[in-house]
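Text of the file data11.cif, holding mmCIF, C-alpha atoms and all ligand atoms:
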data_upload
#
loop_
_atom_site.label_atom_id
_atom_site.label_comp_id
_atom_site.auth_asym_id
_atom_site.auth_seq_id
_atom_site.Cartn_x
_atom_site.Cartn_y
_atom_site.Cartn_z
CA MET A 15 -0.19 -19.96 -9.38
CA ALA A 16 -0.22 -16.82 -11.41
CA LEU A 17 0.39 -13.17 -11.92
CA VAL A 18 -3.18 -11.93 -11.57
CA THR A 19 -5.16 -8.71 -11.50
CA THR A 20 -6.82 -7.60 -8.27
CA LYS A 21 -10.34 -8.17 -9.61
CA GLU A 22 -11.08 -11.50 -7.98
CA MET A 23 -9.08 -10.67 -4.83
CA PHE A 24 -11.13 -7.52 -4.26
CA ALA A 25 -14.49 -9.13 -5.05
CA LYS A 26 -13.88 -11.71 -2.31
CA ALA A 27 -12.42 -9.18 0.13
CA LEU A 28 -15.40 -6.86 -0.33
CA LYS A 29 -17.84 -9.64 0.47
CA ASN A 30 -15.96 -11.00 3.46
CA ASP A 31 -14.70 -7.91 5.31
CA TYR A 32 -11.01 -8.43 4.98
CA ALA A 33 -8.32 -6.57 3.04
CA ILE A 34 -5.48 -7.58 0.78
CA GLY A 35 -2.07 -6.33 1.88
CA ALA A 36 -0.29 -4.18 -0.68
CA PHE A 37 3.36 -4.03 0.25
CA ASN A 38 6.02 -1.86 -1.38
CA VAL A 39 9.03 -3.62 -2.88
CA ASN A 40 12.50 -2.33 -3.73
CA ASN A 41 14.85 -5.32 -3.81
CA MET A 42 15.11 -9.10 -3.64
CA GLU A 43 15.16 -9.50 0.14
CA ILE A 44 12.05 -7.34 0.54
CA ILE A 45 10.19 -9.35 -2.11
CA GLN A 46 11.29 -12.65 -0.59
CA GLY A 47 10.31 -11.59 2.93
CA ILE A 48 6.85 -10.41 1.88
CA VAL A 49 6.16 -13.43 -0.27
CA ALA A 50 7.27 -15.83 2.46
CA GLY A 51 4.88 -14.07 4.85
CA ALA A 52 1.95 -14.34 2.45
CA GLN A 53 2.76 -17.97 1.72
CA ALA A 54 2.84 -18.84 5.40
CA GLU A 55 -0.57 -17.17 5.81
CA ASN A 56 -1.92 -18.81 2.65
CA THR A 57 -3.24 -15.62 1.15
CA SER A 58 -3.21 -13.49 -1.98
CA LEU A 59 -0.91 -10.56 -2.28
CA ILE A 60 -0.27 -7.25 -4.00
CA LEU A 61 3.35 -6.26 -4.55
CA GLN A 62 3.61 -2.59 -5.42
CA VAL A 63 6.35 -0.63 -7.08
CA SER A 64 6.70 3.15 -6.76
CA ALA A 65 8.42 5.43 -9.27
CA GLY A 66 11.30 5.59 -6.76
CA ALA A 67 11.51 1.79 -6.63
CA ARG A 68 11.58 1.61 -10.44
CA LYS A 69 14.41 4.09 -10.48
CA TYR A 70 16.31 2.32 -7.71
CA ALA A 71 16.00 -1.28 -8.87
CA ASN A 72 15.14 -1.10 -12.58
CA PRO A 73 11.61 -2.32 -13.41
CA THR A 74 12.88 -5.36 -15.33
CA TYR A 75 14.68 -6.69 -12.25
CA LEU A 76 11.63 -6.17 -10.06
CA THR A 77 9.27 -7.78 -12.58
CA LYS A 78 11.54 -10.81 -12.97
CA LEU A 79 11.91 -11.16 -9.19
CA VAL A 80 8.13 -11.17 -8.83
CA GLU A 81 7.88 -13.81 -11.58
CA ALA A 82 10.44 -15.86 -9.64
CA ALA A 83 8.38 -15.47 -6.46
CA ILE A 84 5.31 -16.84 -8.24
CA ILE A 85 7.24 -19.84 -9.60
CA ASP A 86 8.73 -20.46 -6.17
CA THR A 87 5.57 -20.16 -4.08
CA GLY A 88 2.52 -20.73 -6.28
CA LEU A 89 0.86 -17.66 -4.79
CA ASP A 90 -1.56 -15.41 -6.65
CA ILE A 91 0.25 -12.09 -6.86
CA ALA A 92 -0.80 -8.80 -8.42
CA LEU A 93 2.02 -6.54 -9.59
CA HIS A 94 0.92 -2.95 -9.09
CA LEU A 95 2.30 0.50 -9.90
CA ASP A 96 2.04 2.69 -6.77
CA HIS A 97 1.29 6.41 -7.27
CA GLY A 98 1.72 6.66 -11.04
CA GLU A 99 1.87 10.37 -11.65
CA ASP A 100 1.11 10.53 -15.35
CA PHE A 101 -0.21 8.53 -18.30
CA GLU A 102 3.28 7.66 -19.55
CA ILE A 103 4.45 5.77 -16.44
CA CYS A 104 1.13 3.89 -16.31
CA LYS A 105 1.50 2.96 -19.98
CA GLN A 106 5.07 1.74 -19.42
CA CYS A 107 3.94 -0.49 -16.57
CA VAL A 108 0.94 -1.85 -18.50
CA ASP A 109 3.23 -2.62 -21.42
CA GLY A 110 5.88 -4.05 -19.08
CA GLY A 111 3.65 -6.75 -17.58
CA PHE A 112 2.12 -5.10 -14.49
CA THR A 113 -1.41 -6.34 -13.80
CA SER A 114 -2.55 -3.20 -11.98
CA VAL A 115 -1.63 0.49 -12.09
CA MET A 116 -2.46 3.46 -9.93
CA ILE A 117 -2.95 6.80 -11.59
CA ASP A 118 -2.67 9.38 -8.84
CA GLY A 119 -4.44 12.49 -10.08
CA SER A 120 -5.31 13.63 -6.56
CA LYS A 121 -3.31 16.84 -6.92
CA TYR A 122 -5.49 17.99 -9.83
CA ASP A 123 -8.99 19.41 -9.76
CA LEU A 124 -11.88 16.99 -10.14
CA GLU A 125 -12.35 17.32 -13.90
CA GLU A 126 -8.64 16.96 -14.69
CA ASN A 127 -8.38 13.98 -12.34
CA ILE A 128 -11.33 12.41 -14.18
CA ARG A 129 -9.82 13.12 -17.61
CA LEU A 130 -6.43 11.64 -16.69
CA THR A 131 -7.90 8.63 -14.91
CA LYS A 132 -10.20 7.90 -17.85
CA GLN A 133 -7.28 8.02 -20.25
CA VAL A 134 -5.39 5.44 -18.17
CA VAL A 135 -8.50 3.28 -17.67
CA GLU A 136 -9.11 3.11 -21.43
CA TYR A 137 -5.51 2.11 -22.18
CA ALA A 138 -5.19 -0.36 -19.29
CA HIS A 139 -8.56 -2.08 -19.67
CA ASP A 140 -7.86 -2.68 -23.33
CA LYS A 141 -4.86 -4.77 -22.20
CA GLY A 142 -6.61 -6.52 -19.31
CA VAL A 143 -4.98 -4.39 -16.62
CA VAL A 144 -6.93 -2.87 -13.72
CA VAL A 145 -6.66 0.71 -12.46
CA GLU A 146 -6.69 2.38 -9.05
CA ALA A 147 -7.27 6.14 -8.81
CA GLU A 148 -7.17 8.57 -5.91
CA LEU A 149 -9.63 11.24 -4.90
CA GLY A 150 -9.00 13.58 -1.96
CA LYS A 151 -5.60 14.43 -0.51
CA LEU A 152 -3.74 12.49 2.13
CA ALA A 153 -3.12 14.80 5.06
CA GLY A 154 0.29 15.97 6.18
CA VAL A 155 0.99 15.73 9.90
CA GLU A 156 1.10 19.49 10.22
CA ASP A 157 -2.60 19.60 9.32
CA ASN A 158 -3.41 17.48 12.31
CA ILE A 159 -3.60 20.39 14.72
CA LYS A 160 -7.03 21.31 13.44
CA VAL A 161 -9.15 18.36 12.42
CA ASP A 162 -11.57 20.70 10.58
CA ALA A 163 -8.88 22.16 8.35
CA ARG A 164 -7.47 18.72 7.74
CA SER A 165 -10.80 17.18 6.76
CA ALA A 166 -11.30 19.84 4.07
CA THR A 167 -9.00 17.77 1.90
CA PHE A 168 -10.71 14.46 2.67
CA THR A 169 -12.64 12.61 -0.04
CA ASP A 170 -16.12 13.95 -0.65
CA PRO A 171 -18.57 10.99 -0.81
CA GLU A 172 -20.77 12.41 -3.58
CA GLU A 173 -17.72 13.33 -5.63
CA ALA A 174 -16.40 9.80 -5.15
CA ALA A 175 -19.59 8.32 -6.61
CA TYR A 176 -19.49 10.78 -9.54
CA PHE A 177 -15.77 10.06 -10.11
CA VAL A 178 -16.23 6.29 -10.24
CA GLU A 179 -19.18 6.57 -12.60
CA LYS A 180 -17.35 8.94 -14.96
CA THR A 181 -14.02 7.09 -15.05
CA GLY A 182 -14.96 3.40 -14.81
CA VAL A 183 -12.01 2.96 -12.45
CA ASP A 184 -11.63 -0.43 -10.72
CA SER A 185 -10.73 0.77 -7.22
CA LEU A 186 -10.51 4.08 -5.43
CA ALA A 187 -7.99 5.37 -2.90
CA ILE A 188 -9.64 7.74 -0.46
CA ALA A 189 -8.47 10.29 2.09
CA ILE A 190 -10.01 9.84 5.55
CA GLY A 191 -7.10 10.88 7.78
CA THR A 192 -4.11 8.68 7.01
CA SER A 193 -0.86 10.02 5.58
CA HIS A 194 2.38 8.57 4.26
CA GLY A 195 5.47 7.91 6.34
CA ALA A 196 6.20 7.57 10.05
CA TYR A 197 4.64 10.84 11.25
CA LYS A 198 0.91 10.58 10.72
CA PHE A 199 -0.58 12.25 13.81
CA LYS A 200 0.65 14.75 16.33
CA GLY A 201 -2.22 14.31 18.75
CA GLU A 202 -4.80 11.57 18.96
CA PRO A 203 -5.04 9.43 15.82
CA TYR A 204 -8.27 10.18 14.00
CA LEU A 205 -9.88 8.51 10.99
CA ASP A 206 -13.18 9.77 9.61
CA PHE A 207 -15.22 6.56 9.78
CA GLU A 208 -18.52 8.35 9.13
CA ARG A 209 -17.10 9.57 5.83
CA LEU A 210 -15.81 6.09 4.99
CA LYS A 211 -19.23 4.58 5.69
CA LYS A 212 -20.93 7.20 3.51
CA ILE A 213 -18.53 6.60 0.62
CA HIS A 214 -19.00 2.82 0.93
CA SER A 215 -22.79 3.19 1.01
CA LEU A 216 -22.79 5.27 -2.20
CA ILE A 217 -20.39 2.99 -4.11
CA PRO A 218 -20.78 -0.39 -2.38
CA ASP A 219 -19.29 -2.36 -5.28
CA THR A 220 -16.13 -0.27 -5.57
CA PRO A 221 -13.14 -1.62 -3.66
CA LEU A 222 -11.68 1.20 -1.55
CA VAL A 223 -7.96 1.63 -0.87
CA LEU A 224 -6.25 2.96 2.24
CA HIS A 225 -2.85 4.54 1.65
CA GLY A 226 -0.56 5.55 4.49
CA ALA A 227 -1.77 2.61 6.57
CA SER A 228 1.35 1.73 8.53
CA THR A 229 0.94 1.46 12.27
CA VAL A 230 4.50 2.50 13.15
CA LEU A 231 4.69 0.06 16.03
CA PRO A 232 6.60 1.66 18.95
CA GLU A 233 8.77 -1.40 19.54
CA PHE A 234 10.24 -1.07 16.04
CA VAL A 235 10.87 2.66 16.39
CA LYS A 236 12.52 1.90 19.72
CA ALA A 237 14.60 -0.92 18.22
CA CYS A 238 15.84 1.49 15.52
CA ASN A 239 16.60 4.14 18.12
CA ASP A 240 18.27 1.74 20.58
CA PHE A 241 20.93 1.02 18.00
CA GLY A 242 21.80 4.53 16.95
CA GLY A 243 18.70 5.72 15.14
CA ASP A 244 16.98 9.02 15.76
CA ILE A 245 13.28 8.79 14.90
CA PRO A 246 11.50 11.02 17.43
CA GLY A 247 7.73 11.46 17.62
CA ALA A 248 6.79 8.84 15.06
CA GLN A 249 3.13 7.83 15.20
CA GLY A 250 1.06 5.67 12.87
CA VAL A 251 -2.53 4.46 12.51
CA PRO A 252 -3.61 2.13 15.34
CA GLU A 253 -4.13 -1.40 14.11
CA GLU A 254 -7.69 -1.50 15.44
CA MET A 255 -8.59 1.38 13.14
CA ILE A 256 -7.26 -0.39 10.07
CA LYS A 257 -9.13 -3.53 11.08
CA GLU A 258 -12.32 -1.55 11.53
CA ALA A 259 -11.91 0.08 8.09
CA THR A 260 -11.92 -3.33 6.38
CA LYS A 261 -15.60 -3.64 7.40
CA TYR A 262 -16.58 -0.65 5.28
CA GLY A 263 -15.20 -1.39 1.84
CA ILE A 264 -11.45 -1.00 2.41
CA CYS A 265 -10.09 -3.94 0.36
CA LYS A 266 -6.50 -2.85 -0.18
CA VAL A 267 -4.24 -1.62 2.62
CA ASN A 268 -0.92 -0.05 1.62
CA ILE A 269 2.03 -0.70 3.88
CA ASP A 270 5.58 0.47 3.31
CA THR A 271 6.82 2.34 6.39
CA ASP A 272 6.26 -0.62 8.75
CA LEU A 273 8.44 -2.81 6.53
CA ARG A 274 11.13 -0.15 6.37
CA LEU A 275 11.15 0.10 10.17
CA ALA A 276 11.26 -3.68 10.64
CA MET A 277 14.10 -4.04 8.15
CA THR A 278 16.12 -1.11 9.49
CA ALA A 279 15.68 -2.16 13.13
CA SER A 280 16.97 -5.61 12.29
CA ILE A 281 19.99 -4.36 10.33
CA ARG A 282 20.90 -1.77 12.96
CA LYS A 283 20.73 -4.38 15.71
CA TYR A 284 22.80 -6.90 13.80
CA LEU A 285 25.54 -4.46 12.90
CA ALA A 286 25.67 -2.96 16.40
CA GLU A 287 26.01 -6.43 17.93
CA ASN A 288 28.43 -7.73 15.31
CA PRO A 289 30.68 -4.78 14.49
CA ALA A 290 33.39 -6.95 12.90
CA ASP A 291 30.99 -8.55 10.40
CA PHE A 292 30.84 -7.34 6.81
CA ASP A 293 29.06 -10.12 4.91
CA PRO A 294 25.78 -8.57 3.64
CA ARG A 295 24.02 -11.92 3.87
CA LYS A 296 24.55 -11.89 7.63
CA TYR A 297 22.42 -8.78 8.10
CA LEU A 298 20.12 -9.00 5.07
CA GLY A 299 19.06 -12.53 6.03
CA PRO A 300 17.62 -11.52 9.43
CA ALA A 301 16.19 -8.36 7.82
CA ARG A 302 14.30 -10.54 5.35
CA THR A 303 12.93 -12.60 8.24
CA ALA A 304 11.90 -9.40 10.05
CA ILE A 305 9.92 -8.39 6.97
CA GLN A 306 8.28 -11.80 6.79
CA ASP A 307 7.26 -11.57 10.47
CA MET A 308 5.78 -8.10 9.96
CA VAL A 309 3.84 -9.20 6.87
CA GLN A 310 2.45 -12.25 8.68
CA HIS A 311 1.43 -10.08 11.61
CA LYS A 312 -0.41 -7.66 9.31
CA ILE A 313 -2.18 -10.35 7.30
CA LYS A 314 -3.28 -12.29 10.36
CA ASN A 315 -3.98 -9.67 13.01
CA VAL A 316 -4.83 -6.52 11.07
CA LEU A 317 -6.15 -7.42 7.62
CA ASN A 318 -7.98 -10.58 8.70
CA ALA A 319 -6.77 -12.21 5.48
CA SER A 320 -5.17 -15.51 6.51
CA ASN A 321 -6.31 -18.61 4.61
CA ILE A 322 -8.60 -16.76 2.22
CA LYS A 323 -7.46 -18.27 -1.07
O1 LIG B 1 3.56 6.02 -0.88
C1 LIG B 1 4.78 5.92 -1.04
C2 LIG B 1 5.48 4.66 -0.76
O2 LIG B 1 5.79 4.55 0.61
C3 LIG B 1 6.69 4.55 -1.64
O3 LIG B 1 7.68 5.41 -1.23
O4 LIG B 1 8.26 6.80 -3.21
O5 LIG B 1 9.92 6.42 -1.34
O6 LIG B 1 9.34 4.57 -2.92
P1 LIG B 1 8.88 5.84 -2.24
P1 LIG B 2 2.85 3.96 4.74
O1 LIG B 2 3.78 5.12 4.63
O2 LIG B 2 1.87 4.18 5.85
O3 LIG B 2 3.52 2.67 4.85
O4 LIG B 2 1.96 3.94 3.38
C1 LIG B 2 2.46 3.38 2.21
C2 LIG B 2 1.64 3.76 1.01
O5 LIG B 2 0.56 4.32 1.08
C3 LIG B 2 2.18 3.39 -0.31
O6 LIG B 2 1.39 3.85 -1.36
ZN ZN B 3 0.44 5.72 -0.99
#
Structure encoded using structure tokens:
Amino acid sequence: MALVTTKEMFAKALKNDYAIGAFNVNNMEIIQGIVAGAQAENTSLILQVSAGARKYANPTYLTKLVEAAIIDTGLDIALHLDHGEDFEICKQCVDGGFTSVMIDGSKYDLEENIRLTKQVVEYAHDKGVVVEAELGKLAGVEDNIKVDARSATFTDPEEAAYFVEKTGVDSLAIAIGTSHGAYKFKGEPYLDFERLKKIHSLIPDTPLVLHGASTVLPEFVKACNDFGGDIPGAQGVPEEMIKEATKYGICKVNIDTDLRLAMTASIRKYLAENPADFDPRKYLGPARTAIQDMVQHKIKNVLNASNIK
């Protein structure tokens, strides 16, 4: 039972073709739902905090809630900064007790991304904290019309090998066709598996990370919409594709949107069916269970990570 880095989790995942779920957290019910899901599946877990989550909830509250989850469940949990945009936020998280930070220098050119990542790696490693970096740009849905144009921003395999060697980073987020949010593809979903295989073959010991990996299950979009939502045209990454990616070095799968949809669908339904109710526990309780169910589904059926401790 501990707050751990991702080192051991990834080493095992890499060898055994499964992935650790990295779920975004913003408040107590979300943390409790995720942790209950991981506990039921007897697996390790990454809880990740974005800059927006830090701003919303205050990092001290989130850190203490994660500590409480560890005491309560005995799970191995890594506390990770999601999309750190500069050295300062990474430093604050390292100093504040996170065990893993992401420095996202993907918007910079290669040399600047290397410089920034190296700076974070040196600081973090000195304090026993691991670092994820990103190379390549996650596509926006508008780029999906032309796969060629879209793939121009995907991670270059040779560059990935050079980047890892130069920075000493612990894991690498790559761009192979996923994107953040509920609108990932306009046409047929497409992930560049040949590129993934090439990257994995050049850096077989580097755990790879898939951002934007929510599936946006139609029944949850429908459930949101049935109770007054308006989420047209949402489309995520098919679960089979995520599952397939875990065979080629993807060790960390980032999921936020699917939890948001599960939580929102549950709250919308409850409030629509119980319009006279105003006790937050009445709708946050089922929402927490909806998150737990989604997390269990992902761990078991998509990430292949049940009972791996
Ligand atoms: O990749 C982004 C995550 O979904 C976090 O989103 O920045 O709205 O907290 P956020
Ligand atoms: P989704 O938007 O697909 O859930 O991705 C979340 C993510 O990549 C967080 O870093
Ligand atoms: Zn992301």
**OP:** Could you give me the residues within 10 Å of ligand ZN 3 (chain B), counting only C-alpha atoms and all ligand atoms, as a list in words?
**Re:** Ala36, Asn38, Gln62, Ser64, Asp96, His97, Met116, Asp118, Glu148, Leu152, Ala187, Thr192, Ser193, His194, Gly195, Val223, Leu224, His225, Gly226, Ala227, Val267, Asn268, Ile269 and Asp270 of chain A
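The neighbours of Leu149 (chain A) here are the residues that come within 9 Å of it, using all atoms listed in the file and leaving out any residue fewer than 3 positions away in the same chain; they are Asp118, Gly119, Ser120, Lys121, Leu124, Asn127, Phe168, Thr169, Asp170, Glu173, Ala174, Phe177, Leu186, Ala187, Ile188 and Ala189 of chain A.
For the residues A:Gln46, A:Asn288, A:Asn40, A:Thr260, ranking by smallest atom-to-atom distance to Thr303 (chain A) using all atoms listed in the file places A:Gln46 first.
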Subject >> Residues near Leu93 (chain A), cut-off 12 Å, all atoms listed in the file, skip fewer than 3 positions along chain, as number ranges by chain >> reply: A: 16-20, 36-39, 45, 58-64, 73, 76-81, 83-84, 90, 96, 107-108, 110-116, 143-145
Next, the residues of the selection above should be written as a PDB file, in the frame of the given file with C-alpha atoms.
ATOM      1  CA  ALA A  16      -0.220 -16.820 -11.410  1.00  0.00           C
ATOM      2  CA  LEU A  17       0.390 -13.170 -11.920  1.00  0.00           C
ATOM      3  CA  VAL A  18      -3.180 -11.930 -11.570  1.00  0.00           C
ATOM      4  CA  THR A  19      -5.160  -8.710 -11.500  1.00  0.00           C
ATOM      5  CA  THR A  20      -6.820  -7.600  -8.270  1.00  0.00           C
ATOM      6  CA  ALA A  36      -0.290  -4.180  -0.680  1.00  0.00           C
ATOM      7  CA  PHE A  37       3.360  -4.030   0.250  1.00  0.00           C
ATOM      8  CA  ASN A  38       6.020  -1.860  -1.380  1.00  0.00           C
ATOM      9  CA  VAL A  39       9.030  -3.620  -2.880  1.00  0.00           C
ATOM     10  CA  ILE A  45      10.190  -9.350  -2.110  1.00  0.00           C
ATOM     11  CA  SER A  58      -3.210 -13.490  -1.980  1.00  0.00           C
ATOM     12  CA  LEU A  59      -0.910 -10.560  -2.280  1.00  0.00           C
ATOM     13  CA  ILE A  60      -0.270  -7.250  -4.000  1.00  0.00           C
ATOM     14  CA  LEU A  61       3.350  -6.260  -4.550  1.00  0.00           C
ATOM     15  CA  GLN A  62       3.610  -2.590  -5.420  1.00  0.00           C
ATOM     16  CA  VAL A  63       6.350  -0.630  -7.080  1.00  0.00           C
ATOM     17  CA  SER A  64       6.700   3.150  -6.760  1.00  0.00           C
ATOM     18  CA  PRO A  73      11.610  -2.320 -13.410  1.00  0.00           C
ATOM     19  CA  LEU A  76      11.630  -6.170 -10.060  1.00  0.00           C
ATOM     20  CA  THR A  77       9.270  -7.780 -12.580  1.00  0.00           C
ATOM     21  CA  LYS A  78      11.540 -10.810 -12.970  1.00  0.00           C
ATOM     22  CA  LEU A  79      11.910 -11.160  -9.190  1.00  0.00           C
ATOM     23  CA  VAL A  80       8.130 -11.170  -8.830  1.00  0.00           C
ATOM     24  CA  GLU A  81       7.880 -13.810 -11.580  1.00  0.00           C
ATOM     25  CA  ALA A  83       8.380 -15.470  -6.460  1.00  0.00           C
ATOM     26  CA  ILE A  84       5.310 -16.840  -8.240  1.00  0.00           C
ATOM     27  CA  ASP A  90      -1.560 -15.410  -6.650  1.00  0.00           C
ATOM     28  CA  ASP A  96       2.040   2.690  -6.770  1.00  0.00           C
ATOM     29  CA  CYS A 107       3.940  -0.490 -16.570  1.00  0.00           C
ATOM     30  CA  VAL A 108       0.940  -1.850 -18.500  1.00  0.00           C
ATOM     31  CA  GLY A 110       5.880  -4.050 -19.080  1.00  0.00           C
ATOM     32  CA  GLY A 111       3.650  -6.750 -17.580  1.00  0.00           C
ATOM     33  CA  PHE A 112       2.120  -5.100 -14.490  1.00  0.00           C
ATOM     34  CA  THR A 113      -1.410  -6.340 -13.800  1.00  0.00           C
ATOM     35  CA  SER A 114      -2.550  -3.200 -11.980  1.00  0.00           C
ATOM     36  CA  VAL A 115      -1.630   0.490 -12.090  1.00  0.00           C
ATOM     37  CA  MET A 116      -2.460   3.460  -9.930  1.00  0.00           C
ATOM     38  CA  VAL A 143      -4.980  -4.390 -16.620  1.00  0.00           C
ATOM     39  CA  VAL A 144      -6.930  -2.870 -13.720  1.00  0.00           C
ATOM     40  CA  VAL A 145      -6.660   0.710 -12.460  1.00  0.00           C
TER      41      VAL A 145
END
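Every protein, DNA or RNA residue with an atom at most 12 Å from Cys238 (chain A), where all atoms listed in the file count and chain neighbours fewer than 3 positions away do not, is listed here: Val230, Leu231, Pro232, Glu233, Phe234, Val235, Phe241, Gly242, Gly243, Asp244, Ile245, Pro246, Ala248, Asp272, Arg274, Leu275, Ala276, Met277, Thr278, Ala279, Ser280, Ile281, Arg282, Lys283, Tyr284, Leu285 and Ala286 of chain A.
Across A:Ala196, A:Asp206, A:Met255, A:Arg302, the tightest approach to ligand LIG 2 (chain B) is made by A:Ala196 when counting only C-alpha atoms and all ligand atoms.
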